[in-house]
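Text of upload_17.txt, listed as compact mmCIF, C-alpha atoms and all ligand atoms:
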```txt
# COMPACT_ATOMS: atom_id res chain seq x y z
CA MET A 1436 0.00 0.00 0.00
CA ALA A 1437 1.19 3.49 -0.78
CA GLY A 1438 2.00 5.60 2.25
CA GLY A 1439 1.67 9.35 2.53
CA LYS A 1440 -0.28 11.88 4.49
CA ILE A 1441 -4.00 11.55 4.99
CA ARG A 1442 -5.75 14.58 3.53
CA LYS A 1443 -8.89 15.59 5.32
CA GLU A 1444 -11.33 15.53 2.41
CA LYS A 1445 -14.90 14.88 3.47
CA PRO A 1446 -14.08 13.02 6.67
CA GLN A 1447 -16.92 10.75 7.72
CA LYS A 1448 -18.54 11.20 11.09
CA GLY A 1449 -17.03 8.97 13.76
CA ALA A 1450 -14.33 7.51 11.51
CA SER A 1451 -10.79 8.70 10.91
CA ALA A 1452 -9.59 8.86 7.31
CA SER A 1453 -7.08 6.09 7.98
CA SER A 1454 -9.83 3.64 8.96
CA ASN A 1455 -12.01 4.68 6.07
CA PRO A 1456 -12.14 2.15 3.21
CA HIS A 1457 -12.60 5.03 0.75
CA PHE A 1458 -9.11 6.40 1.43
CA GLN A 1459 -5.68 5.07 0.62
CA GLY A 1460 -2.46 7.00 0.94
CA GLY A 1461 -4.50 10.13 1.54
CA ILE A 1462 -6.49 9.80 -1.68
CA PRO A 1463 -10.27 9.69 -1.44
CA PHE A 1464 -11.50 7.14 -3.99
CA HIS A 1465 -14.02 8.12 -6.65
CA LYS A 1466 -16.64 5.49 -7.39
CA SER A 1467 -17.46 7.28 -10.63
CA LYS A 1468 -13.96 6.36 -11.85
CA GLY A 1469 -14.34 2.76 -10.70
CA GLN A 1470 -11.66 3.22 -8.06
CA HIS A 1471 -11.60 -0.09 -6.17
CA ILE A 1472 -8.02 -0.80 -5.20
CA LEU A 1473 -6.70 -4.35 -4.92
CA LYS A 1474 -5.72 -4.81 -1.29
CA ASN A 1475 -4.96 -8.56 -1.12
CA PRO A 1476 -1.28 -9.23 -2.00
CA LEU A 1477 -1.91 -12.98 -2.39
CA LEU A 1478 -4.53 -12.27 -5.04
CA ILE A 1479 -2.13 -9.94 -6.87
CA ASP A 1480 0.52 -12.71 -6.82
CA SER A 1481 -2.01 -15.15 -8.21
CA ILE A 1482 -2.93 -12.79 -11.07
CA ILE A 1483 0.75 -12.30 -11.88
CA GLN A 1484 1.41 -16.03 -11.84
CA LYS A 1485 -1.59 -16.83 -14.07
CA SER A 1486 -0.67 -14.09 -16.55
CA GLY A 1487 2.44 -15.94 -17.72
CA ILE A 1488 4.45 -12.75 -18.05
CA LYS A 1489 7.93 -13.13 -19.59
CA SER A 1490 10.95 -11.10 -18.49
CA THR A 1491 11.07 -9.64 -22.02
CA ASP A 1492 7.44 -8.43 -21.98
CA VAL A 1493 6.28 -4.86 -22.39
CA ILE A 1494 3.19 -4.79 -20.15
CA LEU A 1495 0.22 -2.48 -20.59
CA GLU A 1496 -1.64 -1.72 -17.37
CA ILE A 1497 -4.91 0.17 -17.51
CA GLY A 1498 -5.89 2.10 -14.41
CA PRO A 1499 -2.85 1.49 -12.17
CA GLY A 1500 -4.43 3.46 -9.32
CA THR A 1501 -2.01 3.67 -6.40
CA GLY A 1502 0.25 1.04 -7.97
CA ASN A 1503 -0.31 -2.17 -5.98
CA LEU A 1504 -0.46 -4.30 -9.14
CA THR A 1505 2.07 -2.09 -10.98
CA LYS A 1506 4.74 -2.87 -8.38
CA LYS A 1507 4.48 -6.62 -9.00
CA LEU A 1508 4.29 -6.19 -12.77
CA LEU A 1509 7.58 -4.26 -12.67
CA GLU A 1510 9.17 -7.16 -10.79
CA VAL A 1511 8.42 -9.69 -13.55
CA GLY A 1512 8.25 -7.81 -16.87
CA LYS A 1513 10.70 -5.77 -18.92
CA SER A 1514 8.68 -2.56 -18.60
CA VAL A 1515 5.22 -1.29 -17.71
CA ILE A 1516 3.20 1.33 -19.56
CA ALA A 1517 0.38 2.43 -17.28
CA VAL A 1518 -2.57 4.53 -18.49
CA GLU A 1519 -4.34 6.37 -15.68
CA LEU A 1520 -7.20 8.86 -15.91
CA ASP A 1521 -6.94 10.43 -12.47
CA PRO A 1522 -4.08 12.95 -12.05
CA ARG A 1523 -4.09 12.34 -8.28
CA MET A 1524 -3.28 8.66 -8.91
CA VAL A 1525 -0.57 9.64 -11.41
CA LEU A 1526 1.07 11.79 -8.72
CA GLU A 1527 0.78 8.97 -6.22
CA LEU A 1528 2.47 6.57 -8.67
CA GLN A 1529 5.31 9.01 -9.27
CA ARG A 1530 5.74 9.47 -5.54
CA ARG A 1531 5.69 5.72 -4.94
CA PHE A 1532 8.19 4.67 -7.61
CA GLN A 1533 10.47 7.72 -7.83
CA GLY A 1534 14.04 6.81 -6.93
CA THR A 1535 13.36 3.05 -6.95
CA PRO A 1536 15.39 0.81 -9.30
CA SER A 1537 12.30 0.06 -11.40
CA SER A 1538 11.30 3.71 -11.97
CA THR A 1539 13.06 3.88 -15.36
CA ARG A 1540 11.00 0.90 -16.55
CA LEU A 1541 7.67 2.51 -15.71
CA LYS A 1542 5.99 4.93 -18.09
CA VAL A 1543 2.78 6.55 -16.90
CA ILE A 1544 0.40 8.05 -19.45
CA GLN A 1545 -2.20 10.35 -17.96
CA GLY A 1546 -5.49 10.15 -19.83
CA ASP A 1547 -8.59 8.21 -20.74
CA VAL A 1548 -7.53 4.84 -22.14
CA LEU A 1549 -10.54 4.87 -24.48
CA LYS A 1550 -9.38 8.12 -26.07
CA CYS A 1551 -5.63 7.67 -26.28
CA ASP A 1552 -3.52 5.85 -28.87
CA LEU A 1553 -2.16 2.71 -27.28
CA PRO A 1554 1.55 1.99 -27.68
CA TYR A 1555 3.04 -1.38 -28.59
CA PHE A 1556 2.66 -3.97 -25.83
CA ASP A 1557 3.08 -7.74 -25.49
CA ILE A 1558 0.60 -8.35 -22.73
CA CYS A 1559 -2.07 -6.35 -20.91
CA VAL A 1560 -2.69 -7.01 -17.21
CA ALA A 1561 -5.23 -4.83 -15.47
CA ASN A 1562 -7.83 -4.32 -12.79
CA ILE A 1563 -10.02 -1.94 -14.74
CA PRO A 1564 -12.95 0.36 -13.96
CA TYR A 1565 -15.91 -1.87 -14.87
CA GLN A 1566 -17.84 0.83 -16.70
CA ILE A 1567 -15.38 0.69 -19.62
CA SER A 1568 -15.31 -3.14 -19.90
CA SER A 1569 -16.92 -3.48 -23.29
CA PRO A 1570 -15.36 -0.58 -25.24
CA LEU A 1571 -11.99 -1.43 -23.71
CA THR A 1572 -12.20 -5.10 -24.72
CA PHE A 1573 -12.92 -4.18 -28.33
CA LYS A 1574 -10.35 -1.38 -28.33
CA LEU A 1575 -7.74 -3.93 -27.29
CA LEU A 1576 -8.93 -6.43 -29.90
CA SER A 1577 -8.66 -3.78 -32.61
CA HIS A 1578 -5.13 -2.81 -31.58
CA ARG A 1579 -2.37 -3.60 -34.06
CA PRO A 1580 0.00 -5.32 -33.94
CA LEU A 1581 -1.95 -7.88 -31.99
CA PHE A 1582 -0.67 -8.54 -28.47
CA ARG A 1583 -0.14 -12.02 -26.99
CA CYS A 1584 -2.86 -11.90 -24.38
CA ALA A 1585 -4.79 -9.73 -21.93
CA VAL A 1586 -5.50 -10.76 -18.35
CA ILE A 1587 -8.23 -8.52 -17.02
CA MET A 1588 -10.43 -8.23 -13.94
CA PHE A 1589 -14.08 -7.79 -14.92
CA GLN A 1590 -17.38 -7.70 -13.11
CA ARG A 1591 -18.36 -11.39 -12.67
CA GLU A 1592 -21.42 -11.27 -14.90
CA PHE A 1593 -19.55 -9.54 -17.72
CA ALA A 1594 -16.80 -12.15 -17.43
CA MET A 1595 -19.30 -15.01 -17.58
CA ARG A 1596 -20.85 -13.47 -20.69
CA LEU A 1597 -17.43 -13.25 -22.34
CA VAL A 1598 -16.76 -16.96 -21.83
CA ALA A 1599 -20.34 -18.27 -22.25
CA GLN A 1600 -20.85 -21.14 -24.70
CA PRO A 1601 -23.87 -22.01 -26.88
CA GLY A 1602 -26.67 -23.20 -24.61
CA ASP A 1603 -25.42 -21.28 -21.55
CA ASN A 1604 -27.87 -18.79 -20.05
CA LEU A 1605 -25.49 -15.87 -20.49
CA TYR A 1606 -24.54 -16.70 -24.10
CA CYS A 1607 -25.08 -13.45 -25.98
CA ARG A 1608 -23.87 -11.08 -28.66
CA LEU A 1609 -20.87 -10.14 -26.49
CA SER A 1610 -19.85 -13.83 -26.21
CA VAL A 1611 -20.17 -14.47 -29.93
CA ASN A 1612 -18.34 -11.32 -31.02
CA THR A 1613 -15.49 -11.64 -28.54
CA GLN A 1614 -15.00 -15.32 -29.30
CA LEU A 1615 -14.88 -14.57 -33.01
CA LEU A 1616 -11.76 -12.50 -32.38
CA ALA A 1617 -10.21 -14.21 -29.37
CA ARG A 1618 -9.98 -17.32 -27.20
CA VAL A 1619 -11.42 -16.42 -23.83
CA ASN A 1620 -10.86 -18.30 -20.56
CA HIS A 1621 -12.09 -17.74 -17.04
CA LEU A 1622 -9.05 -17.75 -14.72
CA LEU A 1623 -10.10 -16.74 -11.23
CA LYS A 1624 -13.15 -15.85 -9.15
CA VAL A 1625 -12.56 -12.81 -6.97
CA GLY A 1626 -14.78 -11.83 -4.03
CA ARG A 1627 -15.63 -8.19 -3.41
CA ASN A 1628 -13.69 -8.07 -0.12
CA ASN A 1629 -10.39 -8.16 -1.98
CA PHE A 1630 -10.92 -4.52 -2.92
CA ARG A 1631 -10.91 -1.27 -1.02
CA PRO A 1632 -13.59 -0.01 -0.96
CA PRO A 1633 -15.44 -3.25 -1.83
CA PRO A 1634 -17.55 -2.95 -4.99
CA LYS A 1635 -21.21 -4.04 -4.97
CA VAL A 1636 -20.50 -6.99 -7.28
CA ASP A 1637 -18.14 -9.95 -7.39
CA SER A 1638 -15.40 -10.10 -10.00
CA SER A 1639 -13.51 -12.55 -12.18
CA VAL A 1640 -10.18 -12.53 -13.93
CA VAL A 1641 -10.37 -13.50 -17.60
CA ARG A 1642 -7.67 -14.28 -20.15
CA ILE A 1643 -8.25 -12.98 -23.67
CA GLU A 1644 -5.97 -14.29 -26.38
CA PRO A 1645 -6.48 -12.78 -29.85
CA ARG A 1646 -6.89 -15.37 -32.61
CA LYS A 1647 -3.99 -15.47 -35.00
CA PRO A 1648 -4.80 -15.27 -37.81
CA LEU A 1649 -8.09 -13.46 -37.38
CA PRO A 1650 -11.05 -15.02 -39.22
CA VAL A 1651 -11.69 -13.69 -42.69
CA VAL A 1652 -15.03 -12.02 -42.24
CA LYS A 1653 -16.38 -8.50 -42.54
CA PHE A 1654 -16.91 -7.61 -38.94
CA LYS A 1655 -19.79 -5.19 -39.52
CA GLU A 1656 -21.61 -7.86 -41.48
CA TRP A 1657 -20.96 -10.42 -38.78
CA ASP A 1658 -22.15 -8.13 -36.00
CA GLY A 1659 -25.20 -7.08 -38.04
CA LEU A 1660 -26.30 -10.72 -38.28
CA VAL A 1661 -25.48 -11.53 -34.65
CA ARG A 1662 -27.33 -8.44 -33.40
CA ILE A 1663 -30.51 -9.50 -35.21
CA CYS A 1664 -30.21 -13.08 -34.00
CA PHE A 1665 -29.71 -12.10 -30.34
CA ASN A 1666 -32.45 -9.53 -30.32
CA ARG A 1667 -34.66 -12.52 -29.55
CA LYS A 1668 -32.21 -15.25 -28.82
CA ASN A 1669 -34.73 -17.89 -27.76
CA LYS A 1670 -36.97 -17.56 -30.82
CA THR A 1671 -36.36 -19.74 -33.85
CA LEU A 1672 -34.44 -18.10 -36.68
CA GLY A 1673 -37.47 -18.74 -38.86
CA SER A 1674 -39.52 -16.51 -36.60
CA ILE A 1675 -36.80 -13.85 -36.30
CA PHE A 1676 -36.36 -13.56 -40.06
CA ARG A 1677 -40.11 -13.38 -40.65
CA GLN A 1678 -40.21 -10.05 -38.77
CA LYS A 1679 -41.24 -7.13 -40.92
CA SER A 1680 -38.50 -4.84 -39.59
CA VAL A 1681 -35.77 -7.41 -40.26
CA LEU A 1682 -37.01 -8.25 -43.75
CA SER A 1683 -37.40 -4.63 -44.80
CA MET A 1684 -33.90 -3.76 -43.55
CA LEU A 1685 -32.38 -6.68 -45.46
CA GLU A 1686 -34.36 -5.88 -48.57
CA LYS A 1687 -33.29 -2.24 -48.44
CA ASN A 1688 -29.63 -3.32 -48.17
CA TYR A 1689 -30.19 -5.74 -51.04
CA LYS A 1690 -31.68 -3.07 -53.29
CA THR A 1691 -29.00 -0.53 -52.43
CA LEU A 1692 -26.34 -3.03 -53.32
CA GLN A 1693 -28.02 -3.94 -56.58
CA ALA A 1694 -28.44 -0.28 -57.55
CA SER A 1695 -24.91 0.80 -56.82
CA GLN A 1696 -23.36 -2.45 -58.05
CA LEU A 1697 -20.85 -2.33 -55.26
CA SER A 1698 -18.04 -4.77 -55.41
CA ARG A 1699 -18.63 -7.57 -52.98
CA GLU A 1700 -15.33 -8.61 -51.56
CA GLU A 1701 -15.72 -11.43 -49.11
CA SER A 1702 -12.66 -10.68 -47.09
CA SER A 1703 -11.75 -7.55 -45.23
CA ASP A 1704 -8.27 -6.27 -44.63
CA SER A 1705 -6.93 -5.91 -41.14
CA THR A 1706 -7.48 -2.14 -40.99
CA GLU A 1707 -11.14 -2.40 -41.90
CA MET A 1708 -11.62 -5.15 -39.35
CA ALA A 1709 -9.91 -3.05 -36.68
CA LYS A 1710 -12.14 -0.02 -37.38
CA SER A 1711 -15.36 -1.94 -37.12
CA VAL A 1712 -14.22 -3.83 -34.01
CA THR A 1713 -13.44 -0.54 -32.24
CA ALA A 1714 -16.87 0.82 -33.09
CA LEU A 1715 -18.46 -2.33 -31.77
CA GLY A 1716 -17.25 -1.75 -28.21
CA ASP A 1717 -19.48 1.32 -27.98
CA THR A 1718 -22.61 -0.57 -28.95
CA LEU A 1719 -21.96 -3.60 -26.76
CA GLY A 1720 -21.57 -1.63 -23.58
CA ASP A 1721 -24.29 -2.66 -21.24
CA LEU A 1722 -25.18 -5.97 -19.76
CA SER A 1723 -28.82 -5.56 -20.64
CA MET A 1724 -28.23 -5.66 -24.37
CA ASP A 1725 -29.43 -9.18 -24.99
CA THR A 1726 -32.94 -9.14 -23.63
CA ASP A 1727 -35.31 -11.57 -25.20
CA GLU A 1728 -38.35 -9.46 -24.55
CA CYS A 1729 -41.25 -9.44 -26.97
CA LYS A 1730 -41.06 -6.43 -29.22
CA ASP A 1731 -44.19 -4.56 -30.21
CA ASP A 1732 -45.91 -4.34 -33.56
CA GLU A 1733 -42.99 -2.91 -35.52
CA ASP A 1734 -41.53 -6.41 -35.26
CA MET A 1735 -44.66 -8.25 -36.26
CA GLU A 1736 -44.27 -11.09 -38.67
CA MET A 1737 -44.83 -10.10 -42.24
CA ASP A 1738 -47.99 -11.14 -43.98
CA ASP A 1739 -47.99 -12.03 -47.65
CA GLY A 1740 -49.87 -8.92 -48.82
CA ASP A 1741 -47.12 -7.32 -50.87
CA ALA A 1742 -46.03 -9.67 -53.65
CA LYS A 1743 -42.50 -8.29 -54.10
CA ALA A 1744 -41.81 -8.23 -50.38
CA SER A 1745 -43.18 -11.73 -50.20
CA ASP A 1746 -40.70 -12.89 -52.86
CA PHE A 1747 -37.88 -11.51 -50.79
CA LYS A 1748 -39.26 -13.17 -47.67
CA GLU A 1749 -39.42 -16.51 -49.47
CA ARG A 1750 -35.84 -16.10 -50.57
CA VAL A 1751 -34.70 -15.44 -47.01
CA LEU A 1752 -36.69 -18.35 -45.60
CA GLY A 1753 -35.39 -20.56 -48.41
CA LEU A 1754 -31.82 -19.79 -47.35
CA LEU A 1755 -32.62 -20.67 -43.75
CA LYS A 1756 -34.15 -23.96 -44.86
CA GLN A 1757 -31.21 -24.70 -47.12
CA GLY A 1758 -28.81 -24.42 -44.18
CA GLY A 1759 -31.13 -26.24 -41.76
CA PHE A 1760 -31.50 -23.06 -39.68
CA GLU A 1761 -35.25 -22.39 -39.74
CA GLU A 1762 -36.07 -24.19 -36.49
CA ARG A 1763 -32.82 -23.40 -34.71
CA ARG A 1764 -32.30 -20.76 -32.01
CA SER A 1765 -29.45 -18.26 -31.67
CA SER A 1766 -28.89 -19.29 -28.06
CA LYS A 1767 -27.55 -22.62 -29.33
CA LEU A 1768 -25.64 -21.56 -32.47
CA THR A 1769 -21.86 -22.00 -32.56
CA GLN A 1770 -19.33 -19.70 -34.24
CA ALA A 1771 -19.24 -22.11 -37.19
CA ASP A 1772 -23.05 -21.94 -37.45
CA PHE A 1773 -23.04 -18.14 -37.56
CA MET A 1774 -20.25 -18.21 -40.13
CA HIS A 1775 -22.21 -20.68 -42.30
CA LEU A 1776 -25.40 -18.64 -41.99
CA LEU A 1777 -23.64 -15.41 -42.92
CA SER A 1778 -22.02 -16.98 -45.96
CA LEU A 1779 -25.40 -18.31 -47.15
CA PHE A 1780 -26.90 -14.82 -46.94
CA ASN A 1781 -23.89 -13.07 -48.48
CA LYS A 1782 -23.74 -15.51 -51.40
CA ALA A 1783 -27.34 -14.55 -52.14
CA ASP A 1784 -26.34 -10.85 -52.04
CA ILE A 1785 -28.14 -10.34 -48.75
CA HIS A 1786 -26.12 -8.16 -46.39
CA PHE A 1787 -26.37 -6.93 -42.81
CA SER A 1788 -24.53 -3.63 -43.03
C1 LIG B 1801 -10.37 -0.66 -10.21
S1 LIG B 1801 -9.20 0.64 -10.03
C2 LIG B 1801 -7.75 -0.29 -10.10
C3 LIG B 1801 -6.58 0.29 -9.38
C4 LIG B 1801 -5.33 -0.59 -9.33
N1 LIG B 1801 -5.01 -1.13 -10.62
C5 LIG B 1801 -5.48 -1.71 -8.35
O1 LIG B 1801 -5.74 -2.83 -8.80
O2 LIG B 1801 -5.33 -1.51 -7.16
C6 LIG B 1801 -9.37 1.40 -11.63
C7 LIG B 1801 -8.40 2.53 -11.93
O3 LIG B 1801 -8.67 2.97 -13.28
C8 LIG B 1801 -8.65 4.39 -13.35
N2 LIG B 1801 -9.53 4.78 -14.48
C9 LIG B 1801 -10.87 4.98 -14.48
N3 LIG B 1801 -11.32 5.26 -15.73
C10 LIG B 1801 -10.22 5.23 -16.54
C11 LIG B 1801 -10.03 5.48 -17.92
N4 LIG B 1801 -11.06 5.74 -18.75
N5 LIG B 1801 -8.76 5.39 -18.42
C12 LIG B 1801 -7.71 5.09 -17.60
N6 LIG B 1801 -7.83 4.87 -16.27
C13 LIG B 1801 -9.07 4.93 -15.74
C14 LIG B 1801 -9.17 4.83 -11.99
O4 LIG B 1801 -8.76 6.15 -11.70
C15 LIG B 1801 -8.53 3.78 -11.08
O5 LIG B 1801 -7.26 4.18 -10.68
```
Is it possible to give me this structure as structure tokens?
Ligand SMILES: C[S@@+](CC[C@H](N)C(=O)[O-])C[C@H]1O[C@@H](n2cnc3c(N)ncnc32)[C@H](O)[C@@H]1O
Amino acid sequence: MAGGKIRKEKPQKGASASSNPHFQGGIPFHKSKGQHILKNPLLIDSIIQKSGIKSTDVILEIGPGTGNLTKKLLEVGKSVIAVELDPRMVLELQRRFQGTPSSTRLKVIQGDVLKCDLPYFDICVANIPYQISSPLTFKLLSHRPLFRCAVIMFQREFAMRLVAQPGDNLYCRLSVNTQLLARVNHLLKVGRNNFRPPPKVDSSVVRIEPRKPLPVVKFKEWDGLVRICFNRKNKTLGSIFRQKSVLSMLEKNYKTLQASQLSREESSDSTEMAKSVTALGDTLGDLSMDTDECKDDEDMEMDDGDAKASDFKERVLGLLKQGGFEERRSSKLTQADFMHLLSLFNKADIHFS
């Protein structure tokens, strides 16, 4: 723990600042910045050990706070680049490491990790503010060159969504999109009492290892399909693709493509993939994104009144039948299933972005 004077900011009645879980080293913690400091040294050792850091590794740490994890990272890696939003924490880090042998191997960048350009790194190890979990995950996955792996503390439910498999309750758009780009493993369950102050939720440490090579797929297309499928993940695909709103969106895309005679390259280059992955983080943010609630009449199934629209509907349903997807549900589809489904649609000039 960092030492230092206790500043008397908003002292709580009946409690000295030093006994207050919201203070460390004189710094009052801000919940709005997700400031929950790791206080259990055994847990920090376990995270370090499970990270598999090499002595040659450049380590990226996001949100170093007062430096409890940073200190151990400096002991095992070649260097640490730490990105911290809060200038008070940056000062505390400087104070803590100044004059120590490892100070020359620590670079602190003050700023919002979501807004700054990330430098080269081999591995990312971090106890992050949970409110940036989703955009940060996709920012990392869009970073080039790809790093070896990221070992990150997340809110437990977010972590379980990241690793969820087809058929699991928490299997969702976040699971499918992350697992397209990376292998994801649950490493460690972490109770709330390991933090100061304790957060309201339990946590988990997850390992994210980018796939190399990345799959050859247009990410916007992929996410467009997955978003539709998980809008009602327990309905059959036949029912989802009979919805008026879905059919008219697909038909509009189809007509636009026909009119402009755009070239239809199947593969995307790495830069294009990176751009669309970054954008995805912003739309995947909350945990409530995969509700399976009934939508109102805008999503009603299409009747066969309009002949042209009906042709298009038949074409879509024909593709589902052809792939054996009509009676299947998104909650049970694997990555290979989504890939197959997308290629069936794309081959028929039906696109999702
Ligand atoms: C959960 S605390 C972790 C502190 C420290 N790593 C530890 O484990 O003890 C999260 C840290 O991230 C910082 N932070 C919050 N939002 C950030 C952002 N957008 N970019 C960079 N750092 C951020 C907070 O100021 C805080 O220091």
Would you write out, as a Markdown table, a table of all residues in chain A that have an atom no more than 8 Å from an atom of ligand LIG 1801 (chain B), listing for each the closest atom pair and the distance in Å to one decimal, considering only C-alpha atoms and all ligand atoms and ordering rows by chain and rising residue number?
```
| residue | atom | partner | partner_atom | distance |
| --- | --- | --- | --- | --- |
| A:His1465 | CA | B:LIG1801 | O4 | 7.6 |
| A:Ser1467 | CA | B:LIG1801 | C9 | 8.0 |
| A:Lys1468 | CA | B:LIG1801 | C9 | 4.3 |
| A:Gly1469 | CA | B:LIG1801 | C6 | 5.2 |
| A:Gln1470 | CA | B:LIG1801 | S1 | 4.1 |
| A:His1471 | CA | B:LIG1801 | C1 | 4.3 |
| A:Ile1472 | CA | B:LIG1801 | O2 | 3.4 |
| A:Leu1473 | CA | B:LIG1801 | O2 | 3.9 |
| A:Lys1474 | CA | B:LIG1801 | O2 | 6.7 |
| A:Glu1496 | CA | B:LIG1801 | N1 | 7.6 |
| A:Ile1497 | CA | B:LIG1801 | C12 | 5.7 |
| A:Gly1498 | CA | B:LIG1801 | O3 | 3.1 |
| A:Pro1499 | CA | B:LIG1801 | N1 | 3.7 |
| A:Gly1500 | CA | B:LIG1801 | O5 | 3.2 |
| A:Thr1501 | CA | B:LIG1801 | C4 | 6.1 |
| A:Gly1502 | CA | B:LIG1801 | C4 | 6.0 |
| A:Asn1503 | CA | B:LIG1801 | O2 | 5.2 |
| A:Leu1504 | CA | B:LIG1801 | O1 | 5.5 |
| A:Thr1505 | CA | B:LIG1801 | N1 | 7.2 |
| A:Val1518 | CA | B:LIG1801 | C12 | 5.2 |
| A:Glu1519 | CA | B:LIG1801 | N6 | 3.8 |
| A:Leu1520 | CA | B:LIG1801 | N6 | 4.1 |
| A:Asp1521 | CA | B:LIG1801 | O4 | 4.7 |
| A:Met1524 | CA | B:LIG1801 | O5 | 6.2 |
| A:Gln1545 | CA | B:LIG1801 | C12 | 7.6 |
| A:Gly1546 | CA | B:LIG1801 | N5 | 5.9 |
| A:Asp1547 | CA | B:LIG1801 | N5 | 3.7 |
| A:Val1548 | CA | B:LIG1801 | N5 | 4.0 |
| A:Leu1549 | CA | B:LIG1801 | N4 | 5.8 |
| A:Lys1550 | CA | B:LIG1801 | N4 | 7.9 |
| A:Ala1561 | CA | B:LIG1801 | N1 | 6.1 |
| A:Asn1562 | CA | B:LIG1801 | O1 | 4.7 |
| A:Ile1563 | CA | B:LIG1801 | C6 | 4.6 |
| A:Pro1564 | CA | B:LIG1801 | C6 | 4.4 |
| A:Tyr1565 | CA | B:LIG1801 | C1 | 7.3 |
| A:Gln1566 | CA | B:LIG1801 | N3 | 7.9 |
| A:Ile1567 | CA | B:LIG1801 | N4 | 6.7 |
| A:Phe1630 | CA | B:LIG1801 | O2 | 7.6 |
```
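Closest to A:Pro1570 among A:Pro1522, A:Leu1541, A:Glu1749, A:Val1712 is A:Val1712, based on all atoms listed in the file.
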Quick one, how far is atom CA of A:Gly1512 from atom CA of A:Ile1494?
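A separation of 6.7 Å between them.
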Please list, as a list of chain:residue names, the residues that have an atom at most 10 Å away from (-16.5, -21.2, -34.3) in the coordinates of this file, counting all atoms listed in the file.
A:Val1611, A:Gln1614, A:Leu1615, A:Pro1650, A:Leu1768, A:Thr1769, A:Gln1770, A:Ala1771, A:Asp1772, A:Phe1773, A:Met1774, A:His1775
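Reported to one decimal place, the separation of atom CA of A:Glu1644 from atom CA of A:Leu1597 is 12.2 Å.
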Looking at A:Leu1553, A:Leu1478, A:Val1661, A:Leu1576, which one is nearest to A:Leu1609, with distances taken over all atoms listed in the file?
A:Val1661
Among listed residues A:Arg1531, A:Lys1679, A:Lys1687, A:Arg1523, nearest A:Phe1464 (using all atoms listed in the file):
A:Arg1523
What does the distance from atom CA of A:Ser1680 to atom CA of A:Ser1569 come to in Å, to one decimal?
27.1 Å
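Using all atoms listed in the file, the contacts of stretch 1671-1677 of chain A at a cut-off of 8 Å, with sequence neighbours closer than 5 positions omitted, comprise Ile1663, Cys1664, Leu1682, Glu1736, Met1737, Lys1748, Val1751, Leu1752, Leu1755, Phe1760, Glu1761, Glu1762, Arg1763, Arg1764 and Ser1765 of chain A.
Each of A:Met1595, A:Cys1607, A:Ile1488, A:Leu1477 was compared to A:Lys1767 using only C-alpha atoms, and A:Cys1607 turns out to be the nearest.
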Could you check the closest approach to A:Ala1594 for each of A:Cys1559, A:Val1515, A:Leu1495, A:Val1619 and tell me which residue wins, using only C-alpha atoms?
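Closest to A:Ala1594, using only C-alpha atoms: A:Val1619.
If you measure from each of A:Ala1744, A:Val1525, A:Leu1575, A:Val1625 to A:Tyr1555 using all atoms listed in the file, the closest one turns out to be A:Leu1575.
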